[in-house]
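Trainee: Sending over query14.tsv (TSV, C-alpha atoms and all ligand atoms).
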```tsv
chain	number	residue	atom	x	y	z
I	1443	MET	CA	-7.26	-59.72	-32.48
I	1444	PRO	CA	-4.01	-60.68	-34.19
I	1445	VAL	CA	-1.67	-59.66	-31.34
I	1446	PRO	CA	-0.83	-62.47	-28.90
I	1447	LYS	CA	-1.19	-61.99	-25.15
I	1448	ALA	CA	2.04	-60.66	-23.64
I	1449	ASN	CA	4.36	-63.24	-22.05
I	1450	LEU	CA	5.26	-61.48	-18.78
I	1451	TYR	CA	7.33	-64.38	-17.44
I	1452	PRO	CA	9.54	-65.46	-20.36
I	1453	ASP	CA	12.07	-68.29	-20.13
I	1454	PHE	CA	14.95	-65.79	-20.15
I	1455	ASN	CA	15.21	-62.05	-19.57
I	1456	ILE	CA	16.40	-59.66	-22.24
I	1457	VAL	CA	17.31	-56.18	-20.96
I	1458	ARG	CA	17.35	-54.31	-24.26
I	1459	LEU	CA	18.80	-54.20	-27.74
I	1460	SER	CA	22.54	-53.57	-27.57
I	1461	HIS	CA	24.33	-53.17	-30.88
I	1462	VAL	CA	24.49	-53.94	-34.57
I	1463	GLU	CA	27.39	-55.03	-36.75
I	1464	LEU	CA	27.29	-53.39	-40.18
I	1465	GLY	CA	29.46	-54.57	-43.06
I	1466	VAL	CA	30.79	-51.53	-44.91
I	1467	THR	CA	32.95	-51.26	-48.03
I	1468	ASN	CA	35.05	-48.24	-47.04
I	1469	LEU	CA	35.90	-47.89	-43.36
I	1470	ALA	CA	37.25	-44.34	-43.71
I	1471	ALA	CA	34.08	-43.12	-45.45
I	1472	SER	CA	31.89	-44.82	-42.83
I	1473	ARG	CA	33.99	-43.43	-39.96
I	1474	LYS	CA	33.50	-39.91	-41.34
I	1475	PHE	CA	29.73	-40.46	-41.62
I	1476	TYR	CA	29.14	-42.06	-38.22
I	1477	ALA	CA	31.71	-40.20	-36.11
I	1478	ASP	CA	32.11	-36.78	-37.75
I	1479	VAL	CA	28.61	-36.25	-39.18
I	1480	LEU	CA	26.28	-38.17	-36.83
I	1481	GLY	CA	28.53	-37.71	-33.78
I	1482	LEU	CA	29.01	-41.26	-32.45
I	1483	GLN	CA	32.20	-41.70	-30.38
I	1484	VAL	CA	34.92	-44.08	-31.60
I	1485	THR	CA	35.84	-46.43	-28.72
I	1486	ASP	CA	38.33	-48.57	-30.66
I	1487	GLU	CA	39.46	-49.15	-34.20
I	1488	THR	CA	41.63	-51.62	-36.07
I	1489	ALA	CA	42.46	-52.11	-39.74
I	1490	THR	CA	39.19	-54.01	-40.17
I	1491	HIS	CA	36.78	-52.81	-37.48
I	1492	ILE	CA	35.54	-49.59	-35.86
I	1493	TYR	CA	33.65	-49.65	-32.55
I	1494	LEU	CA	31.32	-46.78	-31.66
I	1495	ARG	CA	29.12	-45.70	-28.76
I	1496	ALA	CA	26.57	-42.94	-28.24
I	1497	MET	CA	26.92	-40.24	-25.60
I	1498	GLU	CA	25.02	-41.75	-22.65
I	1499	GLU	CA	26.07	-45.36	-23.22
I	1500	ARG	CA	28.56	-46.99	-20.83
I	1501	GLY	CA	28.79	-50.28	-22.66
I	1502	HIS	CA	31.75	-50.45	-25.04
I	1503	HIS	CA	29.79	-50.20	-28.29
I	1504	CYS	CA	26.38	-49.82	-29.88
I	1505	MET	CA	27.68	-50.22	-33.42
I	1506	VAL	CA	30.50	-52.23	-34.97
I	1507	LEU	CA	31.60	-51.33	-38.50
I	1508	SER	CA	33.30	-54.23	-40.24
I	1509	LYS	CA	35.22	-53.95	-43.53
I	1510	GLN	CA	33.54	-56.17	-46.13
I	1511	ASP	CA	33.47	-56.47	-49.92
I	1512	ARG	CA	29.78	-55.57	-49.98
I	1513	PRO	CA	27.33	-53.96	-47.53
I	1514	THR	CA	25.77	-56.53	-45.19
I	1515	VAL	CA	24.49	-56.84	-41.64
I	1516	GLY	CA	26.37	-59.22	-39.33
I	1517	ALA	CA	24.03	-59.66	-36.36
I	1518	LEU	CA	21.52	-57.88	-34.16
I	1519	SER	CA	22.75	-58.00	-30.56
I	1520	PHE	CA	20.76	-58.03	-27.31
I	1521	LYS	CA	21.85	-57.86	-23.67
I	1522	VAL	CA	20.38	-60.33	-21.16
I	1523	TYR	CA	20.25	-59.89	-17.38
I	1524	SER	CA	22.76	-62.54	-16.34
I	1525	GLU	CA	24.72	-65.60	-17.42
I	1526	VAL	CA	21.82	-67.77	-16.20
I	1527	ASP	CA	19.62	-66.05	-18.79
I	1528	LEU	CA	22.22	-66.69	-21.47
I	1529	ASP	CA	22.08	-70.45	-20.85
I	1530	ALA	CA	18.28	-70.32	-20.71
I	1531	ALA	CA	18.32	-68.49	-24.06
I	1532	GLN	CA	20.39	-71.29	-25.60
I	1533	LYS	CA	17.82	-73.83	-24.41
I	1534	TRP	CA	14.93	-71.70	-25.71
I	1535	PHE	CA	16.44	-71.39	-29.21
I	1536	GLU	CA	17.51	-75.05	-29.37
I	1537	THR	CA	13.97	-76.12	-28.43
I	1538	ARG	CA	12.78	-74.19	-31.48
I	1539	GLY	CA	15.31	-75.84	-33.75
I	1540	ARG	CA	17.53	-72.82	-34.17
I	1541	PRO	CA	21.32	-73.30	-34.43
I	1542	CYS	CA	23.19	-72.21	-31.29
I	1543	ALA	CA	26.89	-71.71	-30.61
I	1544	PHE	CA	28.89	-69.85	-28.00
I	1545	GLY	CA	31.72	-67.71	-29.31
I	1546	GLU	CA	34.09	-64.90	-28.49
I	1547	ARG	CA	33.43	-61.26	-29.32
I	1548	PRO	CA	35.88	-58.48	-28.48
I	1549	TYR	CA	34.94	-56.59	-25.30
I	1550	GLN	CA	32.11	-59.05	-24.47
I	1551	ALA	CA	31.89	-62.01	-22.12
I	1552	ARG	CA	30.51	-65.34	-23.39
I	1553	THR	CA	28.20	-64.64	-26.34
I	1554	LEU	CA	25.43	-66.81	-27.78
I	1555	HIS	CA	25.18	-66.82	-31.58
I	1556	THR	CA	21.85	-67.97	-32.98
I	1557	SER	CA	19.13	-66.81	-35.36
I	1558	ASP	CA	15.41	-66.13	-35.31
I	1559	LEU	CA	12.66	-68.07	-37.07
I	1560	HIS	CA	13.40	-66.36	-40.41
I	1561	GLY	CA	17.19	-66.62	-40.15
I	1562	VAL	CA	18.03	-63.14	-38.79
I	1563	PRO	CA	21.43	-63.57	-37.09
I	1564	LEU	CA	21.08	-62.77	-33.37
I	1565	GLU	CA	23.61	-62.44	-30.55
I	1566	PHE	CA	22.97	-62.48	-26.82
I	1567	TYR	CA	25.49	-61.55	-24.14
I	1568	PHE	CA	25.28	-60.67	-20.44
I	1569	GLN	CA	28.44	-58.60	-19.94
I	1570	ILE	CA	30.26	-56.00	-22.03
I	1571	ASP	CA	33.24	-53.81	-21.07
I	1572	ARG	CA	32.09	-50.71	-19.20
I	1573	LEU	CA	33.50	-47.31	-20.13
I	1574	LYS	CA	33.57	-44.07	-18.14
I	1575	PRO	CA	30.49	-41.86	-18.49
I	1576	ILE	CA	30.80	-39.13	-21.14
I	1577	HIS	CA	27.27	-37.75	-21.11
I	1578	GLN	CA	28.44	-34.61	-19.29
I	1579	ARG	CA	31.57	-34.15	-21.38
I	1580	TYR	CA	29.84	-31.57	-23.53
I	1581	GLU	CA	33.02	-30.78	-25.44
I	1582	LEU	CA	32.63	-34.19	-27.12
I	1583	TYR	CA	29.11	-33.64	-28.46
I	1584	ARG	CA	28.98	-33.37	-32.25
I	1585	GLY	CA	26.59	-33.83	-35.17
I	1586	VAL	CA	23.11	-34.84	-34.09
I	1587	LYS	CA	24.29	-35.53	-30.49
I	1588	PRO	CA	23.18	-39.18	-30.43
I	1589	LEU	CA	22.42	-40.32	-26.87
I	1590	ARG	CA	21.72	-44.05	-27.30
I	1591	ILE	CA	20.76	-46.75	-29.75
I	1592	ASP	CA	16.97	-47.06	-29.69
I	1593	HIS	CA	15.71	-49.82	-31.98
I	1594	PHE	CA	16.00	-52.09	-35.01
I	1595	ASN	CA	13.37	-52.27	-37.73
I	1596	CYS	CA	13.30	-55.31	-40.02
I	1597	PHE	CA	11.43	-56.27	-43.16
I	1598	SER	CA	9.69	-59.57	-42.51
I	1599	GLU	CA	8.12	-62.00	-44.94
I	1600	ASP	CA	5.63	-63.05	-42.23
I	1601	VAL	CA	4.97	-60.47	-39.52
I	1602	ASP	CA	2.39	-62.65	-37.69
I	1603	ALA	CA	4.98	-65.43	-37.30
I	1604	ALA	CA	7.75	-63.00	-36.25
I	1605	VAL	CA	5.51	-61.41	-33.60
I	1606	ALA	CA	4.51	-64.82	-32.21
I	1607	PHE	CA	8.21	-65.82	-31.96
I	1608	TYR	CA	9.44	-62.59	-30.31
I	1609	ASN	CA	6.33	-62.35	-28.07
I	1610	ASP	CA	7.15	-65.79	-26.69
I	1611	MET	CA	10.70	-64.50	-26.03
I	1612	GLY	CA	9.18	-61.77	-23.82
I	1613	PHE	CA	8.97	-58.83	-26.21
I	1614	ARG	CA	5.67	-56.91	-25.76
I	1615	VAL	CA	3.70	-55.35	-28.61
I	1616	THR	CA	3.02	-51.62	-28.16
I	1617	GLU	CA	1.54	-50.71	-31.56
I	1618	TYR	CA	0.59	-52.61	-34.68
I	1619	THR	CA	-0.85	-52.21	-38.16
I	1620	GLU	CA	-3.49	-54.62	-39.31
I	1621	ASP	CA	-4.47	-55.36	-42.90
I	1622	GLU	CA	-8.24	-55.09	-42.57
I	1623	ALA	CA	-8.83	-57.22	-45.68
I	1624	THR	CA	-7.08	-60.30	-44.27
I	1625	GLY	CA	-6.99	-59.60	-40.52
I	1626	ARG	CA	-3.23	-60.21	-40.63
I	1627	LEU	CA	-0.47	-58.06	-39.18
I	1628	TRP	CA	1.25	-55.76	-41.64
I	1629	ALA	CA	3.68	-54.34	-39.05
I	1630	ALA	CA	4.32	-54.46	-35.29
I	1631	TRP	CA	6.48	-52.69	-32.70
I	1632	LEU	CA	7.76	-54.69	-29.71
I	1633	HIS	CA	9.77	-53.68	-26.66
I	1634	ARG	CA	11.79	-54.98	-23.70
I	1635	LYS	CA	13.26	-51.75	-22.34
I	1636	GLY	CA	10.12	-49.67	-21.74
I	1637	GLY	CA	9.98	-47.50	-24.88
I	1638	VAL	CA	7.77	-48.10	-27.90
I	1639	HIS	CA	10.18	-50.68	-29.31
I	1640	ASP	CA	13.50	-52.46	-29.32
I	1641	ILE	CA	12.57	-54.16	-32.59
I	1642	ALA	CA	9.86	-53.71	-35.21
I	1643	PHE	CA	8.76	-55.82	-38.15
I	1644	THR	CA	7.28	-54.49	-41.38
I	1645	ASN	CA	5.79	-56.60	-44.17
I	1646	GLY	CA	8.13	-56.94	-47.14
I	1647	SER	CA	10.76	-59.06	-48.83
I	1648	GLY	CA	12.63	-60.41	-45.83
I	1649	PRO	CA	14.42	-60.86	-43.67
I	1650	ARG	CA	16.30	-57.59	-44.26
I	1651	LEU	CA	17.29	-54.78	-41.89
I	1652	HIS	CA	15.23	-51.69	-42.67
I	1653	HIS	CA	16.99	-49.39	-40.20
I	1654	THR	CA	18.82	-48.89	-36.93
I	1655	ALA	CA	17.63	-45.91	-34.86
I	1656	PHE	CA	19.40	-43.55	-32.47
I	1657	TRP	CA	17.73	-41.42	-29.83
I	1658	VAL	CA	18.66	-37.72	-29.79
I	1659	PRO	CA	17.88	-35.01	-27.19
I	1660	THR	CA	15.44	-32.81	-29.16
I	1661	PRO	CA	13.95	-32.24	-32.65
I	1662	LEU	CA	16.26	-29.24	-32.98
I	1663	ASN	CA	19.26	-31.60	-33.08
I	1664	ILE	CA	17.65	-33.15	-36.16
I	1665	ILE	CA	17.31	-29.73	-37.83
I	1666	ASP	CA	20.99	-29.06	-37.03
I	1667	LEU	CA	21.94	-32.39	-38.65
I	1668	LEU	CA	19.99	-31.47	-41.79
I	1669	ASP	CA	21.90	-28.18	-42.04
I	1670	LEU	CA	25.18	-30.05	-41.54
I	1671	MET	CA	24.45	-32.80	-44.08
I	1672	ALA	CA	23.15	-30.34	-46.68
I	1673	THR	CA	26.41	-28.36	-46.61
I	1674	THR	CA	29.02	-31.12	-46.23
I	1675	GLY	CA	28.26	-33.31	-49.24
I	1676	TYR	CA	25.52	-35.50	-47.73
I	1677	LEU	CA	22.38	-33.91	-49.24
I	1678	ALA	CA	21.63	-37.04	-51.30
I	1679	ASN	CA	21.90	-39.18	-48.13
I	1680	ILE	CA	18.78	-37.52	-46.63
I	1681	GLU	CA	15.96	-39.94	-47.50
I	1682	ARG	CA	12.83	-39.05	-45.53
I	1683	GLY	CA	11.74	-36.39	-43.07
I	1684	PRO	CA	11.85	-34.60	-40.80
I	1685	GLY	CA	8.37	-35.41	-39.62
I	1686	ARG	CA	6.40	-37.04	-36.85
I	1687	HIS	CA	5.24	-40.64	-36.95
I	1688	GLY	CA	1.67	-41.48	-36.00
I	1689	ILE	CA	2.97	-44.79	-34.66
I	1690	SER	CA	5.25	-44.15	-31.65
I	1691	ASN	CA	4.61	-40.37	-31.80
I	1692	ALA	CA	8.33	-39.95	-32.51
I	1693	PHE	CA	9.93	-37.03	-34.33
I	1694	PHE	CA	12.07	-38.63	-37.03
I	1695	LEU	CA	14.59	-38.33	-39.85
I	1696	TYR	CA	15.91	-41.14	-42.07
I	1697	VAL	CA	19.37	-40.92	-43.62
I	1698	ARG	CA	21.47	-43.41	-45.59
I	1699	ASP	CA	25.12	-44.14	-44.78
I	1700	PRO	CA	27.77	-44.29	-47.57
I	1701	ASP	CA	26.84	-47.96	-48.25
I	1702	GLY	CA	23.08	-47.37	-48.18
I	1703	HIS	CA	22.46	-48.72	-44.65
I	1704	ARG	CA	19.51	-46.73	-43.30
I	1705	ILE	CA	19.76	-44.88	-40.00
I	1706	GLU	CA	16.83	-43.26	-38.23
I	1707	ILE	CA	17.32	-40.29	-35.96
I	1708	TYR	CA	14.52	-40.51	-33.42
I	1709	CYS	CA	13.20	-38.72	-30.36
I	1710	SER	CA	10.23	-38.27	-28.08
I	1711	ASP	CA	8.38	-41.57	-28.03
I	1712	TYR	CA	6.70	-42.61	-24.78
I	1713	GLN	CA	7.02	-44.90	-21.72
I	1714	THR	CA	5.56	-48.40	-21.99
I	1715	VAL	CA	6.59	-50.15	-18.76
I	1716	ASP	CA	3.08	-51.06	-17.54
I	1717	PRO	CA	2.66	-54.80	-18.06
I	1718	ASP	CA	-1.02	-54.33	-18.95
I	1719	LEU	CA	-0.47	-51.51	-21.49
I	1720	GLU	CA	-2.91	-52.09	-24.36
I	1721	PRO	CA	-1.34	-52.20	-27.83
I	1722	ILE	CA	-2.54	-49.44	-30.18
I	1723	LYS	CA	-4.05	-50.61	-33.47
I	1724	TRP	CA	-3.63	-48.72	-36.78
I	1725	GLY	CA	-5.29	-49.33	-40.15
I	1726	LEU	CA	-3.03	-49.95	-43.13
I	1727	LYS	CA	-4.75	-47.26	-45.18
I	1728	ASP	CA	-4.50	-44.56	-42.50
I	1729	PRO	CA	-1.87	-42.11	-43.85
I	1730	GLN	CA	-1.28	-40.60	-40.39
I	1731	ARG	CA	-0.05	-44.01	-39.21
I	1732	GLN	CA	3.30	-43.49	-40.95
I	1733	THR	CA	3.32	-39.72	-41.00
I	1734	LEU	CA	1.28	-37.70	-38.51
I	1735	TRP	CA	2.59	-34.71	-40.44
I	1736	GLY	CA	5.33	-34.25	-43.04
I	1737	MET	CA	5.98	-35.52	-46.55
I	1738	PRO	CA	4.87	-39.12	-47.29
I	1739	ALA	CA	7.60	-41.76	-47.37
I	1740	PRO	CA	9.33	-42.24	-50.74
I	1741	LYS	CA	9.28	-45.55	-52.63
I	1742	SER	CA	12.89	-46.32	-51.62
I	1743	TRP	CA	11.85	-46.29	-47.95
I	1744	PHE	CA	9.35	-49.09	-48.59
I	1745	GLU	CA	11.53	-51.16	-50.90
I	1746	GLU	CA	15.21	-50.86	-49.93
I	1747	GLY	CA	16.91	-52.56	-47.00
I	1748	SER	CA	20.20	-54.16	-45.92
I	1749	LEU	CA	20.83	-57.89	-46.38
I	1750	PHE	CA	21.82	-60.06	-43.43
I	1751	GLU	CA	25.07	-61.92	-44.15
I	1752	GLY	CA	24.34	-65.23	-45.86
I	1753	VAL	CA	20.54	-64.90	-45.63
I	1754	ALA	CA	18.53	-64.70	-48.88
I	1755	PRO	CA	15.28	-62.73	-48.56
I	1756	ARG	CA	11.96	-64.27	-49.54
I	1757	PRO	CA	8.86	-62.45	-50.87
I	1758	PRO	CA	6.20	-61.58	-48.27
I	1759	ALA	CA	3.13	-63.76	-47.84
I	1760	LEU	CA	0.94	-60.64	-47.51
I	1761	LYS	CA	0.62	-58.64	-50.74
I	1762	SER	CA	-1.28	-55.59	-49.39
I	1763	GLN	CA	0.48	-52.26	-49.71
I	1764	PRO	CA	0.16	-49.03	-47.74
I	1765	ILE	CA	-0.07	-45.58	-49.31
I	1766	ILE	CA	3.20	-44.77	-51.13
I	1767	ALA	CA	4.29	-41.33	-52.31
I	1768	PRO	CA	4.63	-41.02	-56.12
C	1	FE	FE	12.23	-46.68	-36.51
```
Could you spell out this file's structure in structure tokens?
Mentor:
Amino acid sequence: MPVPKANLYPDFNIVRLSHVELGVTNLAASRKFYADVLGLQVTDETATHIYLRAMEERGHHCMVLSKQDRPTVGALSFKVYSEVDLDAAQKWFETRGRPCAFGERPYQARTLHTSDLHGVPLEFYFQIDRLKPIHQRYELYRGVKPLRIDHFNCFSEDVDAAVAFYNDMGFRVTEYTEDEATGRLWAAWLHRKGGVHDIAFTNGSGPRLHHTAFWVPTPLNIIDLLDLMATTGYLANIERGPGRHGISNAFFLYVRDPDGHRIEIYCSDYQTVDPDLEPIKWGLKDPQRQTLWGMPAPKSWFEEGSLFEGVAPRPPALKSQPIIAP
């Protein structure tokens, strides 16, 4: 059994994933993609940054676009319960030899900057500016009608080690893929907020960000987005789907932004709040693991990902490969 026992009483309490900072090369092109096509709401913008939120979010942002010379990922951000948890998080990361510093972020109270065992830049905060609800302002809904950020998915050079690290932090594994030949983890999905995952790790050259996912109301919103993208110059940005994953049972679509950052549009996974929920195991060679139905994933989906700023990826320890479409 490669999945560690859940840590139900972690040293500090994470509420959920919060937001991602993406480095983009053309702010205007990215604004058009994220605001006009996908339908995220702009909450602030400057000459160098654009802040966005989804329709049911009351925190100031779930995505920050930052003008850069090349596409990168700044940090993955998580919200903790209170300032006490923030200080406990600092202690937890320092104990594991990770660099820690407190810094300022616009619209956020005191923020801890650190990184995980493989160098993924992480941020933790306890308070972010609250905005008025807009989930019933139906005149604002556009694009795929994104309701909330749902999860991050990262390539990892050692999924067993990543799962051990995040499990100790209090993330709980809901589903996993095991390489039967070695008994090692090939991928795992871990949550804090009670869905299938806040973060997932997949074997591959890492660390790199595979995708950021947004929850939408129904599969029909995904079909509407496909019609919109196909007729507004974004046909080539549709990478995989629509389809249904075996893992998570979610209806999905993967698209690429103007810089190649991958976004998943996601709906209808399931509740995982029971502390004794048993993780579901999948075999690496089971094709319905990735795709319950729909076209198999293309090669780009397995190989391409976004680099974290200043972090060079390393080849994975595990060489096994799943089934890849020609
Ligand atoms: Fe995903």
Trainee: Just the number, please: distance in Å from CA of Leu1573 in chain I to CA of Ala1551 in chain I, one decimal.
Mentor: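 It comes out at 14.9 Å.
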Trainee: From the options I:Asp1511, I:Glu1463, I:Glu1745, I:Asp1640, which residue's atoms come nearest to Arg1590 in chain I, counting all atoms listed in the file?
Mentor: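 Smallest separation from Arg1590 in chain I among the options: I:Asp1640.
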Trainee: Counting all atoms listed in the file, which protein, DNA or RNA residues come within 12 Å of ligand FE 1 (chain C), given as a PyMOL selection string?
Mentor: chain I and resi 1591-1597+1629-1632+1637-1644+1651-1657+1682+1686-1697+1704-1709+1711+1732+1743
Trainee: Neighbouring residues of Ala1530 in chain I were defined as those with any atom within 12 Å, considering all atoms listed in the file; residues of the same chain fewer than 5 positions away were excluded. Please report them as a VMD selection string.
Mentor: chain I and resid 1452 to 1456 1522 to 1525 1535 to 1537 1542 1554 1566 to 1568 1611
Trainee: With distances taken over only C-alpha atoms, which residue among I:Arg1584, I:Lys1761, I:Arg1500, I:His1633 lies nearest Pro1717 in chain I?
Mentor: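 With only C-alpha atoms as the atom set, the closest residue is I:His1633.
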Trainee: Can you list, as a list in words, every protein, DNA or RNA residue that comes within 8 Å of Leu1518 in chain I when you count only C-alpha atoms, leaving out same-chain residues fewer than 2 positions away?
Mentor: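 Skipping anything fewer than 2 positions along the chain leaves Leu1459, Ser1460, His1461, Val1462, Glu1463, Gly1516, Phe1520, Val1562, Pro1563, Leu1564 and Glu1565 of chain I.
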Trainee: Please compute the CA of Asp1621 in chain I-CA of Val1753 in chain I distance, one decimal, in Å.
Mentor: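 CA of Val1753 in chain I lies at a distance of 26.9 Å from CA of Asp1621 in chain I.
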Trainee: Check the smallest atom-to-atom distance from each of I:Asp1558, I:Asn1468, I:Asp1600, I:Glu1546 to Ala1531 in chain I using all atoms listed in the file, then report the winner.
Mentor: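 For Ala1531 in chain I, the nearest of the given residues is I:Asp1558.
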Trainee: Tell me, in Å to one decimal, how far CA of Leu1627 in chain I is from CA of Val1605 in chain I.
Mentor: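 Answer for the CA of Leu1627 in chain I to CA of Val1605 in chain I separation: 8.8 Å.
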Trainee: I'd like to know which of I:Phe1613, I:Tyr1549, I:Trp1724, I:Trp1534 is closest to Val1506 in chain I, using all atoms listed in the file.
Mentor: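 Residue with the minimum atom-to-atom distance to Val1506 in chain I: I:Tyr1549.
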Trainee: Choose the residue, out of I:Asn1609, I:Asn1449, I:Asn1645, I:Asn1663, that has the smallest atom-to-atom separation from Pro1757 in chain I; count only C-alpha atoms.
Mentor: I:Asn1645
Trainee: Quick one: what's the axis-aligned box for range 1475-1480 of chain I, all listed atoms, 6 Å on every side, centre and edges in Å to one decimal, as JSON?
Mentor:
```
{"center_x": 29.2, "center_y": -39.2, "center_z": -38.9, "size_x": 17.8, "size_y": 17.8, "size_z": 17.5}
```
Trainee: Nearest to Val1715 in chain I: which of I:Arg1547, I:Lys1587, I:Ala1606, I:Gly1636 is it, counting only C-alpha atoms?
Mentor: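 The shortest atom-to-atom distance to Val1715 in chain I comes from I:Gly1636.
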Trainee: Could you give me, as a ChimeraX atom specification, the residues that sit within 12 Å of (32.9, -39.2, -35.9) in the file's coordinates, counting only C-alpha atoms?
Mentor: /I:1469-1485,1492-1497,1582-1588
